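> Below is the structure I would like to discuss, written out as structure tokens.
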Amino acid sequence: MIELKGINRVFQVGDESVYALNDVSLHIDAGDYISIMGPSGSGKSTLLNILGLLDRPNSGQYLFENVDISSFSDEQQALTRSEKIGFVFQVFHLIPRLTAAQNIELPLILAGVDPVERKHRVEKILKSTGLVDRAHHKPGQLSGGQRQRVAMARATIMNPSIILADEPTGNLDRASGKEIVDVLEHLNKEGMTLIIVTHDPELGQRARRQIRMIDGQIEATSHNEVG
Amino acid sequence: MKWADYFTFAFGAFGALRGFSVRTILMLIAMSFGVAAVIVLTGLGDGVRRFVASEFASLGTNLLIVLPGKSETAGVSPGSFIGQTTRDLTIDDALSLTRNSTTDRIAVITVGAASVSRGRLDREVTILGTSHHFLDIYHWKMAQGRFLPETDMRTEQSVIVLGATLKEELFKAENPVGEWVRVGDRRFRVIGVIASEGQSFGMDAGDMAIIPVSSAQSLFNQASLFRILVEAKNRDVLELAKKQIINTLKDRHQGEEDVTVITQDAVLQTFDNIFKTLTYSVAGIAAVSLIVAGILIMNVMLISVSQRTAEIGLLKALGAKTYEIQTLFLVEAVLLSVLGATIGLIIGDVGCRVIATIYPDFPAGAPAWAIISAFFVSVVTGLLFGVSPAKRAAKLDAVEALSK
């Protein structure tokens, strides 16, 4: 589904060139469950951003569903993000002035979906995630776990083929974190590709495939038959 | 993204997120005062124009005014250098004009001042020497009695028509018709009173007395006329009428063209142009303040962009295209300026109403073009000054924006 070949991402810090990603190659199958771990500054977030088309590599090839998208225009990339990719962030990134339902609706609005259809789809996802009674609350009135559930509903409402989660449990207590992981894994079981960046070894171990990164390179890949 | 969604989103953004910060309120004040200034000033300018126009219209549009002397556009007639005096207009001149094919009716005017007295009551007023058709040409109405009779202009008659104020002063509530008053050293019998409404070119119809032209001439001991008013048969023959008048009088004045004929249209047009130019320039000056408002909009929007970096990053991650983010912020800027403009229109309208209440005779009120263009200019201002912040928002790097 995803094929990275010799991806380099270089940042210029003063006179020095810092390789955030150094010749990274990676193959991801549809339905994979991958965790990316590594110390701070190892390039795992940069890798996630490149996978999510938020960032462009300096060199290398990126095939998304067998299409080379490194040459895509900004607009084409935006369209791919809208239709194929769902993001889950550590700090949720909910818009505070919008209600839970409105936050979930946002990707549909941006995609230009008809209002009636939007309402229908938001209601459906609110039901399946148990957020119906929270639908008209603003993020400030929700607990951390509830916020992340809203954010996940937002990430999945367009039925993306891949979910990119950057420290999804980083700002949550254990119980809420567990809940979120369950939801993510459930989505994965239904066929969505799941990639999680995390510091938490316990969470990392749950993935079928674990990638360890150090200094912009993939140091090791291990497989896990659990999950 | 659908258009309705742009508006909903942008509206929510400026309504809820920033609420009404001091910045936003200052910006709204600047915008609304700019628009209100345009509305009130054009309202005044256009009011003056319409006021003058209606004054002229009250005289009738097929009126020609004949005045003695040839006025040059340079302002000084050649006669004034060689000491030549212009020939007076006389009643015979006026009568000769009645024979022109285009003339419907005429009236003559001489003006002087004299005291009108009754018993011990005495009042200094304008005395208008004129003829029968004056009343109709000026569209004045009688309150009591009748106007000067339709007789030969050359015959003197000791009859007088009083203005309403003058009648009030001399007769109080009594019926003046048939009573005698003294003008200077002559006695006149009152035959009528002019209705009190009626102010024409600063000439107060109330504070005057009207006597037959010949009587006035002998009262003031002068043979000349101040004006001859000629009403043409219809508007289409105005030019022809003007030529006929000049030719007729030229013949009578030994071939010398020494009169000026003004048509209402020409005068009206001149005033109209002057006041229009005045209105435009005043509106233009007021519109400059909209630029100030525009800069404030830009300020508000730039701050909004920097406050909402994370939101912009999120929108990008969710698949918002560059132009969508740009449009979103532009729509927000335009909504801001439209809100300011709407408040301004209301203030401007209230201003015009206040002026109209204080001066009921003066038709203050912004013309439609001013309202529409003030509104339009404010929207354009919002667009123009919103472009730079919107571009800045659209250019934000998604990764960096999200990490904030």
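Numbering starts fresh at 1 for the residues of each chain in the structure tokens, the chains themselves are lettered A, B, ... in the order given, and ligands are numbered from 1 as they appear.
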Using only C-alpha atoms, determine which residues of chain A fall within 7 Å of chain B; present them as a short mmCIF file (atom, residue, chain, number, x, y, z; two decimals) with all heavy atoms, in the first residue's frame.

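The resulting file, result-v2.cif, is reproduced below:
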```
data_model
loop_
_atom_site.label_atom_id
_atom_site.label_comp_id
_atom_site.auth_asym_id
_atom_site.auth_seq_id
_atom_site.Cartn_x
_atom_site.Cartn_y
_atom_site.Cartn_z
N LEU A 54 2.06 15.80 5.06
CA LEU A 54 2.14 17.15 5.62
C LEU A 54 3.51 17.75 5.32
O LEU A 54 3.70 18.95 5.40
CB LEU A 54 1.91 17.12 7.13
CG LEU A 54 0.48 16.84 7.57
CD1 LEU A 54 0.42 16.70 9.08
CD2 LEU A 54 -0.46 17.94 7.10
N ASP A 55 4.45 16.88 5.02
CA ASP A 55 5.82 17.31 4.77
C ASP A 55 6.30 16.60 3.51
O ASP A 55 5.82 15.52 3.18
CB ASP A 55 6.69 16.92 5.99
CG ASP A 55 7.96 17.74 6.04
OD1 ASP A 55 8.18 18.58 5.15
OD2 ASP A 55 8.73 17.53 7.00
N GLU A 75 -2.50 20.75 -4.08
CA GLU A 75 -3.93 20.49 -4.09
C GLU A 75 -4.24 18.99 -4.13
O GLU A 75 -5.11 18.51 -3.41
CB GLU A 75 -4.55 21.19 -5.29
CG GLU A 75 -6.00 21.50 -5.09
CD GLU A 75 -6.47 22.56 -6.08
OE1 GLU A 75 -5.91 23.69 -6.05
OE2 GLU A 75 -7.34 22.26 -6.88
N ALA A 78 -3.57 17.61 -0.79
CA ALA A 78 -4.65 17.94 0.15
C ALA A 78 -5.82 16.99 -0.05
O ALA A 78 -6.44 16.52 0.91
CB ALA A 78 -5.09 19.39 -0.05
N LEU A 79 -6.10 16.72 -1.33
CA LEU A 79 -7.21 15.81 -1.64
C LEU A 79 -6.93 14.41 -1.10
O LEU A 79 -7.81 13.75 -0.54
CB LEU A 79 -7.40 15.77 -3.17
CG LEU A 79 -8.74 15.23 -3.64
CD1 LEU A 79 -9.85 16.17 -3.21
CD2 LEU A 79 -8.74 15.04 -5.15
N ARG A 81 -4.99 13.67 1.46
CA ARG A 81 -5.13 13.74 2.91
C ARG A 81 -6.60 13.66 3.31
O ARG A 81 -6.97 12.97 4.25
CB ARG A 81 -4.58 15.08 3.44
CG ARG A 81 -3.08 15.12 3.58
CD ARG A 81 -2.68 16.22 4.55
NE ARG A 81 -3.02 17.56 4.10
CZ ARG A 81 -2.26 18.28 3.28
NH1 ARG A 81 -1.12 17.79 2.82
NH2 ARG A 81 -2.62 19.48 2.91
N SER A 82 -7.41 14.39 2.55
CA SER A 82 -8.83 14.45 2.88
C SER A 82 -9.49 13.08 2.75
O SER A 82 -10.28 12.68 3.59
CB SER A 82 -9.49 15.47 1.95
OG SER A 82 -10.88 15.31 1.97
N HIS A 93 -6.03 18.59 19.06
CA HIS A 93 -6.31 19.60 18.04
C HIS A 93 -7.77 19.70 17.68
O HIS A 93 -8.15 19.69 16.51
CB HIS A 93 -5.48 19.33 16.78
CG HIS A 93 -4.06 19.81 16.91
ND1 HIS A 93 -3.73 21.07 17.29
CD2 HIS A 93 -2.89 19.15 16.73
CE1 HIS A 93 -2.41 21.20 17.33
NE2 HIS A 93 -1.87 20.04 17.01
N ILE A 95 -11.12 22.12 17.60
CA ILE A 95 -11.33 23.57 17.55
C ILE A 95 -12.26 23.94 18.70
O ILE A 95 -13.40 23.47 18.77
CB ILE A 95 -11.91 24.00 16.19
CG1 ILE A 95 -10.88 23.67 15.11
CG2 ILE A 95 -12.25 25.48 16.19
CD1 ILE A 95 -11.27 24.06 13.72
N ARG A 97 -14.07 26.42 19.67
CA ARG A 97 -15.36 27.10 19.58
C ARG A 97 -16.43 26.21 18.96
O ARG A 97 -17.61 26.55 18.97
CB ARG A 97 -15.22 28.38 18.74
CG ARG A 97 -14.87 28.11 17.31
CD ARG A 97 -14.96 29.34 16.45
NE ARG A 97 -14.62 28.99 15.08
CZ ARG A 97 -13.38 28.90 14.64
NH1 ARG A 97 -12.37 29.15 15.45
NH2 ARG A 97 -13.14 28.55 13.40
N PRO A 107 -14.04 17.47 8.52
CA PRO A 107 -13.49 16.91 7.29
C PRO A 107 -14.53 16.80 6.18
O PRO A 107 -14.22 17.00 5.01
CB PRO A 107 -13.02 15.51 7.72
CG PRO A 107 -12.87 15.58 9.18
CD PRO A 107 -13.88 16.56 9.67
N ILE A 109 -17.09 18.86 5.78
CA ILE A 109 -17.29 20.22 5.26
C ILE A 109 -16.20 20.55 4.26
O ILE A 109 -16.46 21.04 3.16
CB ILE A 109 -17.27 21.24 6.42
CG1 ILE A 109 -18.48 21.03 7.32
CG2 ILE A 109 -17.24 22.66 5.88
CD1 ILE A 109 -18.50 21.92 8.54
N LEU A 110 -14.95 20.25 4.66
CA LEU A 110 -13.83 20.57 3.77
C LEU A 110 -13.91 19.78 2.47
O LEU A 110 -13.50 20.26 1.42
CB LEU A 110 -12.50 20.28 4.48
CG LEU A 110 -12.16 21.23 5.62
CD1 LEU A 110 -10.99 20.70 6.42
CD2 LEU A 110 -11.86 22.62 5.09
N ALA A 111 -14.46 18.57 2.54
CA ALA A 111 -14.56 17.75 1.34
C ALA A 111 -15.76 18.15 0.49
O ALA A 111 -15.96 17.60 -0.59
CB ALA A 111 -14.65 16.27 1.72
N GLY A 112 -16.57 19.11 1.02
CA GLY A 112 -17.71 19.59 0.25
C GLY A 112 -18.88 18.62 0.21
O GLY A 112 -19.66 18.60 -0.74
#
```
> Quick one: everything within 12 Å of Asn221 (chain B), counting only C-alpha atoms, minus sequence neighbours fewer than 5 positions away in the same chain. Send it as a list in words.
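Everything that qualifies: Thr110, Val111, Gly112, Val213, Ser214, Ser215 and Ala216 of chain B.
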> Name the residues of region 95-219 of chain A that come out as alpha helix (DSSP H) in a backbone DSSP run; write them as an NGL selection string.
:A and (100-110 or 115-128 or 144-156 or 174-189 or 201-206)
> Contacts of region 113-130 of chain A at 8 Å or less, counting only C-alpha atoms, minus same-chain residues fewer than 4 places along, as a ChimeraX atom specification?
/A:101,104-105,108-109,135,149,153,157 /B:1
> Save the residues we just selected, C-alpha atoms, as a PDB file, in the first residue's frame?

```pdb
ATOM      1  CA  ALA A 101     -20.353  17.124  16.494  1.00  0.00           C
ATOM      2  CA  ILE A 104     -16.290  15.642  13.735  1.00  0.00           C
ATOM      3  CA  GLU A 105     -18.120  17.217  10.786  1.00  0.00           C
ATOM      4  CA  LEU A 108     -16.857  16.453   5.566  1.00  0.00           C
ATOM      5  CA  ILE A 109     -17.288  20.217   5.262  1.00  0.00           C
ATOM      6  CA  ALA A 135     -22.455  15.830  20.726  1.00  0.00           C
ATOM      7  CA  ARG A 149     -12.541   9.934  21.008  1.00  0.00           C
ATOM      8  CA  ALA A 153     -14.254  10.110  15.144  1.00  0.00           C
ATOM      9  CA  ILE A 157     -15.401   9.917   9.366  1.00  0.00           C
TER      10      ILE A 157
ATOM     11  CA  MET B   1     -15.939  23.423   0.479  1.00  0.00           C
TER      12      MET B   1
END
```
> Which of region 5-226 of chain A counts as strand (DSSP E) under DSSP, as JSON, numbers by chain please?
{"A": [5, 6, 7, 8, 9, 10, 11, 12, 13, 16, 17, 18, 19, 20, 21, 22, 23, 24, 25, 26, 27, 28, 33, 34, 35, 36, 37, 59, 60, 61, 62, 63, 64, 67, 68, 85, 86, 87, 88, 162, 163, 164, 165, 166, 193, 194, 195, 196, 197, 209, 210, 211, 212, 213, 214, 217, 218, 219, 220, 221, 222, 223]}
> Could you jot down the CA of Gln157 (chain B) to CA of Asp104 (chain B) separation for me, Å, one decimal place?
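For CA of Gln157 (chain B) relative to CA of Asp104 (chain B), the distance reads 24.4 Å.
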> With only C-alpha atoms as the basis for distance, which of A:Asp74, A:Asp133, A:Glu167, A:Asp29 is at the shortest distance from Ile180 (chain A)?
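Checking each of A:Asp74, A:Asp133, A:Glu167, A:Asp29 against Ile180 (chain A), counting only C-alpha atoms, the winner is A:Glu167.
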